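Content type mmCIF, C-alpha atoms, from the file my_file.cif:
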```
data_entry
loop_
_atom_site.label_atom_id
_atom_site.label_comp_id
_atom_site.auth_asym_id
_atom_site.auth_seq_id
_atom_site.Cartn_x
_atom_site.Cartn_y
_atom_site.Cartn_z
CA MET A 1 -5.42 -14.04 -22.98
CA ARG A 2 -5.97 -10.50 -24.26
CA ILE A 3 -3.57 -8.11 -22.55
CA ILE A 4 -3.44 -4.32 -22.79
CA VAL A 5 -0.31 -2.56 -21.60
CA CYS A 6 -0.54 1.18 -21.00
CA ILE A 7 2.64 3.13 -21.67
CA LYS A 8 3.61 6.78 -21.70
CA GLN A 9 6.16 9.00 -23.39
CA VAL A 10 7.67 11.29 -20.76
CA PRO A 11 10.09 14.22 -20.99
CA ASP A 12 13.71 13.61 -20.15
CA VAL A 13 13.65 14.65 -16.49
CA THR A 14 16.66 16.92 -16.93
CA GLU A 15 14.85 18.85 -19.65
CA VAL A 16 11.43 19.50 -18.05
CA LYS A 17 9.94 22.91 -18.87
CA ILE A 18 6.64 24.37 -17.68
CA ASP A 19 4.20 26.59 -19.57
CA PRO A 20 3.74 29.57 -17.19
CA LYS A 21 0.20 30.22 -18.47
CA THR A 22 -1.27 26.72 -18.22
CA ASN A 23 1.10 25.24 -15.61
CA THR A 24 1.40 22.13 -17.79
CA LEU A 25 4.49 20.44 -19.20
CA ILE A 26 5.89 21.75 -22.46
CA ARG A 27 6.49 18.62 -24.53
CA GLU A 28 7.17 20.10 -27.97
CA GLY A 29 10.88 20.10 -28.78
CA VAL A 30 11.81 18.39 -25.50
CA PRO A 31 13.76 15.09 -25.61
CA SER A 32 11.46 12.25 -24.60
CA ILE A 33 11.80 8.66 -23.43
CA MET A 34 9.50 5.80 -22.55
CA ASN A 35 8.47 5.91 -18.92
CA PRO A 36 10.94 3.47 -17.28
CA TYR A 37 8.29 1.66 -15.20
CA ASP A 38 6.36 0.93 -18.40
CA LEU A 39 9.24 -1.16 -19.71
CA HIS A 40 8.58 -3.54 -16.82
CA ALA A 41 4.86 -3.53 -17.67
CA ILE A 42 5.68 -4.50 -21.25
CA GLU A 43 7.98 -7.30 -20.11
CA ALA A 44 5.28 -8.65 -17.78
CA ALA A 45 2.77 -8.60 -20.64
CA LEU A 46 5.16 -10.40 -22.98
CA GLU A 47 5.94 -13.09 -20.42
CA LEU A 48 2.22 -13.71 -19.90
CA LYS A 49 1.70 -13.75 -23.66
CA GLU A 50 4.32 -16.48 -24.00
CA ALA A 51 2.83 -18.50 -21.14
CA THR A 52 -0.79 -18.27 -22.32
CA ALA A 53 -0.47 -17.90 -26.11
CA GLY A 54 -2.07 -14.51 -25.69
CA LYS A 55 -2.01 -11.20 -27.50
CA VAL A 56 -0.57 -7.89 -26.27
CA THR A 57 -1.77 -4.46 -27.37
CA ALA A 58 0.07 -1.32 -26.27
CA ILE A 59 -1.81 1.96 -25.96
CA THR A 60 -0.71 5.47 -25.11
CA MET A 61 -2.32 8.90 -25.03
CA GLY A 62 -0.29 11.83 -26.29
CA PRO A 63 0.72 14.01 -29.24
CA PRO A 64 1.67 12.41 -32.57
CA GLN A 65 5.31 12.10 -31.48
CA ALA A 66 4.20 9.59 -28.81
CA GLU A 67 4.08 7.04 -31.61
CA GLU A 68 7.80 6.57 -30.96
CA VAL A 69 7.23 4.69 -27.69
CA LEU A 70 4.61 2.49 -29.32
CA ARG A 71 7.13 1.45 -31.97
CA GLU A 72 9.62 0.76 -29.19
CA ALA A 73 7.02 -1.51 -27.56
CA ILE A 74 6.48 -3.35 -30.84
CA SER A 75 10.23 -3.82 -31.22
CA MET A 76 10.21 -5.60 -27.84
CA GLY A 77 7.51 -8.02 -28.98
CA VAL A 78 4.13 -6.33 -28.52
CA ASP A 79 1.67 -7.49 -31.21
CA ASP A 80 0.05 -4.16 -32.05
CA ALA A 81 -0.35 -0.63 -30.74
CA ILE A 82 -2.83 2.23 -30.77
CA LEU A 83 -2.13 5.94 -30.32
CA LEU A 84 -4.82 8.06 -28.67
CA THR A 85 -4.19 11.53 -29.99
CA ASP A 86 -6.55 14.47 -30.19
CA ARG A 87 -6.18 18.14 -29.33
CA ARG A 88 -9.20 17.67 -27.08
CA PHE A 89 -7.12 15.33 -24.89
CA ALA A 90 -4.56 18.07 -24.12
CA GLY A 91 -4.12 19.23 -20.54
CA ALA A 92 -5.71 16.14 -18.99
CA ASP A 93 -5.07 15.40 -15.34
CA THR A 94 -4.85 11.82 -14.07
CA TRP A 95 -8.65 11.47 -13.86
CA ALA A 96 -9.29 12.59 -17.43
CA THR A 97 -6.34 10.53 -18.66
CA ALA A 98 -7.66 7.42 -16.92
CA TYR A 99 -11.11 7.99 -18.42
CA THR A 100 -9.66 8.29 -21.92
CA LEU A 101 -7.52 5.18 -21.58
CA SER A 102 -10.40 3.21 -20.08
CA MET A 103 -12.67 4.10 -23.01
CA ALA A 104 -10.01 2.82 -25.41
CA ALA A 105 -9.64 -0.36 -23.35
CA ARG A 106 -13.40 -0.97 -23.55
CA LYS A 107 -13.25 -0.71 -27.32
CA ILE A 108 -10.27 -3.07 -27.63
CA GLY A 109 -11.47 -5.68 -25.13
CA PHE A 110 -9.19 -7.29 -22.54
CA ASP A 111 -8.64 -9.90 -19.86
CA LEU A 112 -5.84 -8.00 -18.15
CA ILE A 113 -4.49 -4.45 -18.19
CA ILE A 114 -0.91 -3.83 -17.04
CA CYS A 115 0.50 -0.40 -16.19
CA GLY A 116 3.81 0.76 -14.76
CA LYS A 117 3.68 1.79 -11.11
CA GLN A 118 3.79 5.47 -12.01
CA ALA A 119 5.10 7.95 -14.57
CA ILE A 120 8.31 9.78 -13.70
CA ASP A 121 6.94 13.16 -14.83
CA GLY A 122 3.96 13.32 -12.47
CA ASP A 123 4.81 10.56 -9.95
CA THR A 124 1.15 10.27 -8.90
CA ALA A 125 0.63 6.50 -9.39
CA GLN A 126 -3.07 7.31 -9.89
CA VAL A 127 -3.89 6.50 -13.52
CA GLY A 128 -3.88 2.71 -13.21
CA PRO A 129 -6.21 2.49 -10.20
CA GLU A 130 -8.47 5.18 -11.68
CA MET A 131 -8.76 3.21 -14.91
CA ALA A 132 -9.89 0.19 -12.89
CA GLU A 133 -12.57 2.32 -11.25
CA PHE A 134 -13.86 3.56 -14.60
CA LEU A 135 -13.92 -0.03 -15.90
CA ASN A 136 -15.41 -1.40 -12.65
CA ILE A 137 -12.78 -4.15 -12.40
CA PRO A 138 -10.52 -5.24 -9.52
CA HIS A 139 -6.98 -3.93 -9.40
CA VAL A 140 -3.76 -4.49 -7.44
CA SER A 141 -0.94 -1.96 -7.36
CA TYR A 142 2.82 -2.42 -6.81
CA VAL A 143 2.92 -5.99 -8.12
CA ARG A 144 6.39 -7.49 -7.64
CA LYS A 145 5.74 -11.10 -8.67
CA ILE A 146 3.20 -13.05 -10.72
CA HIS A 147 2.72 -16.67 -9.64
CA ASN A 148 -0.18 -18.36 -11.41
CA VAL A 149 -2.47 -17.18 -14.18
CA SER A 150 -5.56 -18.92 -15.55
CA SER A 151 -8.42 -17.78 -17.73
CA GLN A 152 -10.36 -16.65 -14.66
CA GLU A 153 -7.87 -15.61 -11.99
CA MET A 154 -4.24 -14.87 -11.12
CA THR A 155 -2.10 -15.02 -7.99
CA ILE A 156 0.33 -12.17 -7.41
CA GLU A 157 2.55 -10.60 -4.76
CA ARG A 158 2.13 -6.95 -3.89
CA LEU A 159 5.08 -4.95 -2.57
CA MET A 160 4.50 -3.18 0.75
CA ASP A 161 6.73 -0.92 2.86
CA ASP A 162 8.19 -3.71 5.01
CA CYS A 163 6.62 -6.89 3.64
CA TYR A 164 4.56 -8.20 0.74
CA GLU A 165 1.00 -9.46 0.31
CA LYS A 166 0.04 -12.53 -1.68
CA ILE A 167 -3.27 -11.91 -3.42
CA GLN A 168 -5.60 -13.89 -5.66
CA ILE A 169 -7.53 -11.70 -8.06
CA CYS A 170 -10.31 -12.49 -10.53
CA LEU A 171 -10.05 -11.55 -14.20
CA PRO A 172 -10.63 -9.23 -15.95
CA ALA A 173 -8.44 -7.03 -13.79
CA LEU A 174 -5.77 -4.33 -13.80
CA ILE A 175 -2.35 -4.42 -12.15
CA THR A 176 0.45 -1.89 -11.82
CA VAL A 177 3.98 -3.25 -11.57
CA VAL A 178 7.24 -2.27 -9.93
CA LYS A 179 10.76 -2.65 -11.29
CA GLU A 180 11.49 -5.63 -8.99
CA LEU A 181 9.12 -7.75 -11.09
CA ASN A 182 11.46 -8.41 -14.03
CA ASN A 183 14.28 -7.30 -16.29
CA PRO A 184 12.92 -5.84 -19.54
CA ARG A 185 14.23 -7.52 -22.66
CA PRO A 186 16.07 -5.51 -25.31
CA PRO A 187 14.47 -5.10 -28.74
CA SER A 188 15.41 -7.78 -31.26
CA ILE A 189 16.50 -7.11 -34.84
CA ARG A 190 13.30 -8.76 -36.08
CA GLY A 191 11.32 -6.64 -33.62
CA LYS A 192 12.94 -3.44 -34.84
CA MET A 193 12.08 -4.33 -38.42
CA ALA A 194 8.48 -5.09 -37.43
CA ALA A 195 8.26 -1.80 -35.53
CA LYS A 196 9.52 0.17 -38.50
CA LYS A 197 6.88 -1.36 -40.80
CA ALA A 198 4.00 -1.35 -38.32
CA VAL A 199 0.90 0.69 -39.11
CA ILE A 200 -0.24 2.29 -35.85
CA PRO A 201 -3.89 3.42 -35.79
CA ARG A 202 -4.63 6.85 -34.34
CA TRP A 203 -7.86 7.17 -32.39
CA ASN A 204 -9.46 10.45 -31.43
CA ALA A 205 -12.20 11.18 -28.91
CA ASP A 206 -14.94 10.22 -31.36
CA ASP A 207 -13.31 6.87 -32.13
CA ILE A 208 -13.57 5.79 -28.48
CA ASN A 209 -16.97 7.43 -27.87
CA ALA A 210 -15.50 9.70 -25.21
CA GLU A 211 -17.67 12.44 -23.75
CA GLU A 212 -16.03 15.82 -24.35
CA GLU A 213 -16.79 17.11 -20.86
CA LYS A 214 -14.73 14.22 -19.43
CA ILE A 215 -11.51 14.63 -21.42
CA GLY A 216 -8.63 17.10 -21.54
CA LEU A 217 -8.65 20.26 -19.44
CA LYS A 218 -12.44 20.38 -19.54
CA GLY A 219 -12.70 16.98 -17.90
CA SER A 220 -9.97 17.52 -15.31
CA PRO A 221 -11.29 18.11 -11.78
CA THR A 222 -7.81 18.97 -10.47
CA MET A 223 -5.99 22.10 -11.56
CA VAL A 224 -2.42 23.25 -10.89
CA LYS A 225 -2.69 26.56 -9.03
CA ASN A 226 1.00 27.37 -9.07
CA ILE A 227 4.26 25.71 -9.99
CA PHE A 228 7.79 26.92 -9.41
CA ALA A 229 11.39 25.78 -9.33
CA PRO A 230 12.78 25.09 -5.85
CA PRO A 231 15.09 27.81 -4.53
CA PRO A 232 18.81 27.21 -5.08
CA ARG A 233 20.62 25.43 -2.29
CA GLY A 234 22.91 27.36 0.01
CA GLU A 235 26.67 27.35 0.07
CA ARG A 236 28.24 23.91 -0.31
CA ARG A 237 31.78 22.67 0.06
CA ILE A 238 33.60 19.34 -0.22
CA LEU A 239 35.63 18.32 2.80
CA GLU A 240 39.08 16.95 2.07
CA GLY A 241 41.70 15.10 4.11
CA SER A 242 41.59 12.02 6.30
CA PRO A 243 38.33 11.04 8.02
CA GLU A 244 39.62 12.51 11.29
CA GLU A 245 40.56 15.80 9.59
CA GLN A 246 37.18 15.98 7.87
CA VAL A 247 35.40 15.47 11.21
CA ASP A 248 37.42 18.33 12.75
CA ILE A 249 36.59 20.62 9.84
CA LEU A 250 32.91 19.70 10.03
CA LEU A 251 32.75 20.38 13.77
CA ARG A 252 34.42 23.78 13.33
CA GLU A 253 31.94 24.72 10.61
CA LEU A 254 28.95 23.59 12.66
CA ARG A 255 30.17 25.66 15.63
CA ARG A 256 30.70 28.67 13.35
CA LEU A 257 27.15 28.36 12.11
CA GLY A 258 25.81 28.06 15.64
CA CYS A 259 24.54 24.51 15.15
CA LEU A 260 26.57 23.22 18.11
#
```
Is it possible to give me this structure as structure tokens?
Amino acid sequence: MRIIVCIKQVPDVTEVKIDPKTNTLIREGVPSIMNPYDLHAIEAALELKEATAGKVTAITMGPPQAEEVLREAISMGVDDAILLTDRRFAGADTWATAYTLSMAARKIGFDLIICGKQAIDGDTAQVGPEMAEFLNIPHVSYVRKIHNVSSQEMTIERLMDDCYEKIQICLPALITVVKELNNPRPPSIRGKMAAKKAVIPRWNADDINAEEEKIGLKGSPTMVKNIFAPPPRGERRILEGSPEEQVDILLRELRRLGCL
């Protein structure tokens, strides 16, 4: 089985900064981590690799520094990795990002693509399903359990608000996974050594035959009109004393504020 796992390097959420001119994230000089949901996607890919004697390729789109998360993926057991990096990719929304990743997936070839549920910087959960649309393959989101996998189909459970669905899906396909699916393994010493030595190819728009009008800002149908920090919260205080005393204090404050 040929498996592609899509991962992303995201800013540390406590360090997010916005370019006021472009309304896009400033990534240069900002501490970055691998998107946490993608760790679960990697683990799912590795477990399927072990069960089917398959091969796992990790891909990401980003600046040269995004190579760091690809090496992290290799240290966990991924076979190889490819970095999609090109100034023409900059400023892409989810649609343009999905197009770029799907073009790379076409070039690599696959039976299954696995993505994390969503990235913690945008929280849209759109890229995976949009990739499936570009590739014209079935997809299932919010996968919480994988039951059976063969060369032609797989049976999975999809997490819902108050239940789950059991679905049989034909391959090739794409799934996005939630954290309930597994516990990501830590990198091994051998994996870290392999990651350090690994040669990671860098593909640009020409390498994946991407059309320039479909990538980056030019290919993004959605634009951020305005972005701003939420206003600071009002006055806060910590109530002290026994539970009964705290209730009395709270009631007095609510009456003072005219809420009661």
List the residues selected by the PyMOL selection byres ((chain A and resi 106-112) around 6) in the file shown, writing them as a ChimeraX atom specification.
-> /A:2-3,103-105,113,172-174
Can you list, as a PyMOL selection string, the residues that the PyMOL selection byres ((chain A and resi 45) around 10) selects here?
-> chain A and resi 2-5+39-44+46-51+54-58+77-78+112-115
Could you expand the PyMOL selection byres ((chain A and resi 209) around 12) into the explicit residues it covers here, written as number ranges by chain?
-> A: 99-107, 203-208, 210-215
Please dump the current selection as a PDB file, in the frame of the given file; keep C-alpha atoms.
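As a result, part-v6.pdb now contains:
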```
ATOM      1  CA  TYR A  99     -11.110   7.990 -18.420  1.00  0.00           C
ATOM      2  CA  THR A 100      -9.660   8.290 -21.920  1.00  0.00           C
ATOM      3  CA  LEU A 101      -7.520   5.180 -21.580  1.00  0.00           C
ATOM      4  CA  SER A 102     -10.400   3.210 -20.080  1.00  0.00           C
ATOM      5  CA  MET A 103     -12.670   4.100 -23.010  1.00  0.00           C
ATOM      6  CA  ALA A 104     -10.010   2.820 -25.410  1.00  0.00           C
ATOM      7  CA  ALA A 105      -9.640  -0.360 -23.350  1.00  0.00           C
ATOM      8  CA  ARG A 106     -13.400  -0.970 -23.550  1.00  0.00           C
ATOM      9  CA  LYS A 107     -13.250  -0.710 -27.320  1.00  0.00           C
ATOM     10  CA  TRP A 203      -7.860   7.170 -32.390  1.00  0.00           C
ATOM     11  CA  ASN A 204      -9.460  10.450 -31.430  1.00  0.00           C
ATOM     12  CA  ALA A 205     -12.200  11.180 -28.910  1.00  0.00           C
ATOM     13  CA  ASP A 206     -14.940  10.220 -31.360  1.00  0.00           C
ATOM     14  CA  ASP A 207     -13.310   6.870 -32.130  1.00  0.00           C
ATOM     15  CA  ILE A 208     -13.570   5.790 -28.480  1.00  0.00           C
ATOM     16  CA  ALA A 210     -15.500   9.700 -25.210  1.00  0.00           C
ATOM     17  CA  GLU A 211     -17.670  12.440 -23.750  1.00  0.00           C
ATOM     18  CA  GLU A 212     -16.030  15.820 -24.350  1.00  0.00           C
ATOM     19  CA  GLU A 213     -16.790  17.110 -20.860  1.00  0.00           C
ATOM     20  CA  LYS A 214     -14.730  14.220 -19.430  1.00  0.00           C
ATOM     21  CA  ILE A 215     -11.510  14.630 -21.420  1.00  0.00           C
TER      22      ILE A 215
END
```
Of the candidates A:Leu251, A:Ala195, A:Val224, A:Ala119, which one gets nearest to Lys21 of chain A if we count only C-alpha atoms?
-> A:Val224
Expected axis-aligned box over every listed atom of segment 69-80 of chain A, 3 Å added per side, centre plus edges in Å to one decimal, as JSON:
```
{"center_x": 5.1, "center_y": -1.7, "center_z": -29.8, "size_x": 16.2, "size_y": 18.7, "size_z": 10.5}
```
Pairwise distance for atom CA of Arg202 of chain A and atom CA of Glu72 of chain A, rounded to one decimal in Å |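 Going from atom CA of Arg202 of chain A over to atom CA of Glu72 of chain A covers 16.3 Å.
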Using only C-alpha atoms: which of A:Val199, A:Ile167, A:Val178, A:Leu84 has the shortest distance to Val143 of chain A = A:Val178
So which one's closest to Met76 of chain A, A:Gly91, A:Gly62, A:Lys192, A:Glu240? Using only C-alpha atoms, please.
->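 Residue with the minimum atom-to-atom distance to Met76 of chain A: A:Lys192.
Between atom CA of Asp38 of chain A and atom CA of Glu153 of chain A there is a distance of 22.7 Å.
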Calculate how many Å separate atom CA of Ala66 of chain A from atom CA of Leu181 of chain A, rounding to one decimal.
->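 So the two atoms, atom CA of Ala66 of chain A and atom CA of Leu181 of chain A, lie 25.3 Å apart.
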If we count all atoms listed in the file, what is near Met193 of chain A at a cut-off of 9 Å, once residues fewer than 5 positions away on the same chain are taken out, given as a short mmCIF file (atom, residue, chain, number, x, y, z; two decimals) with C-alpha atoms, in the frame of the given file?
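As written to disk, part.cif reads:
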```cif
data_model
loop_
_atom_site.label_atom_id
_atom_site.label_comp_id
_atom_site.auth_asym_id
_atom_site.auth_seq_id
_atom_site.Cartn_x
_atom_site.Cartn_y
_atom_site.Cartn_z
CA SER A 75 10.23 -3.82 -31.22
CA SER A 188 15.41 -7.78 -31.26
CA ALA A 198 4.00 -1.35 -38.32
#
```
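Each of A:Ala92, A:Ile227, A:Ile146, A:Ile33 was compared to Ala73 of chain A using all atoms listed in the file, and A:Ile33 turns out to be the nearest.
Counting all atoms listed in the file and comparing A:Cys163, A:Ile238, A:Leu171, A:Ile189, the residue that lies closest to Ile74 of chain A is A:Ile189.
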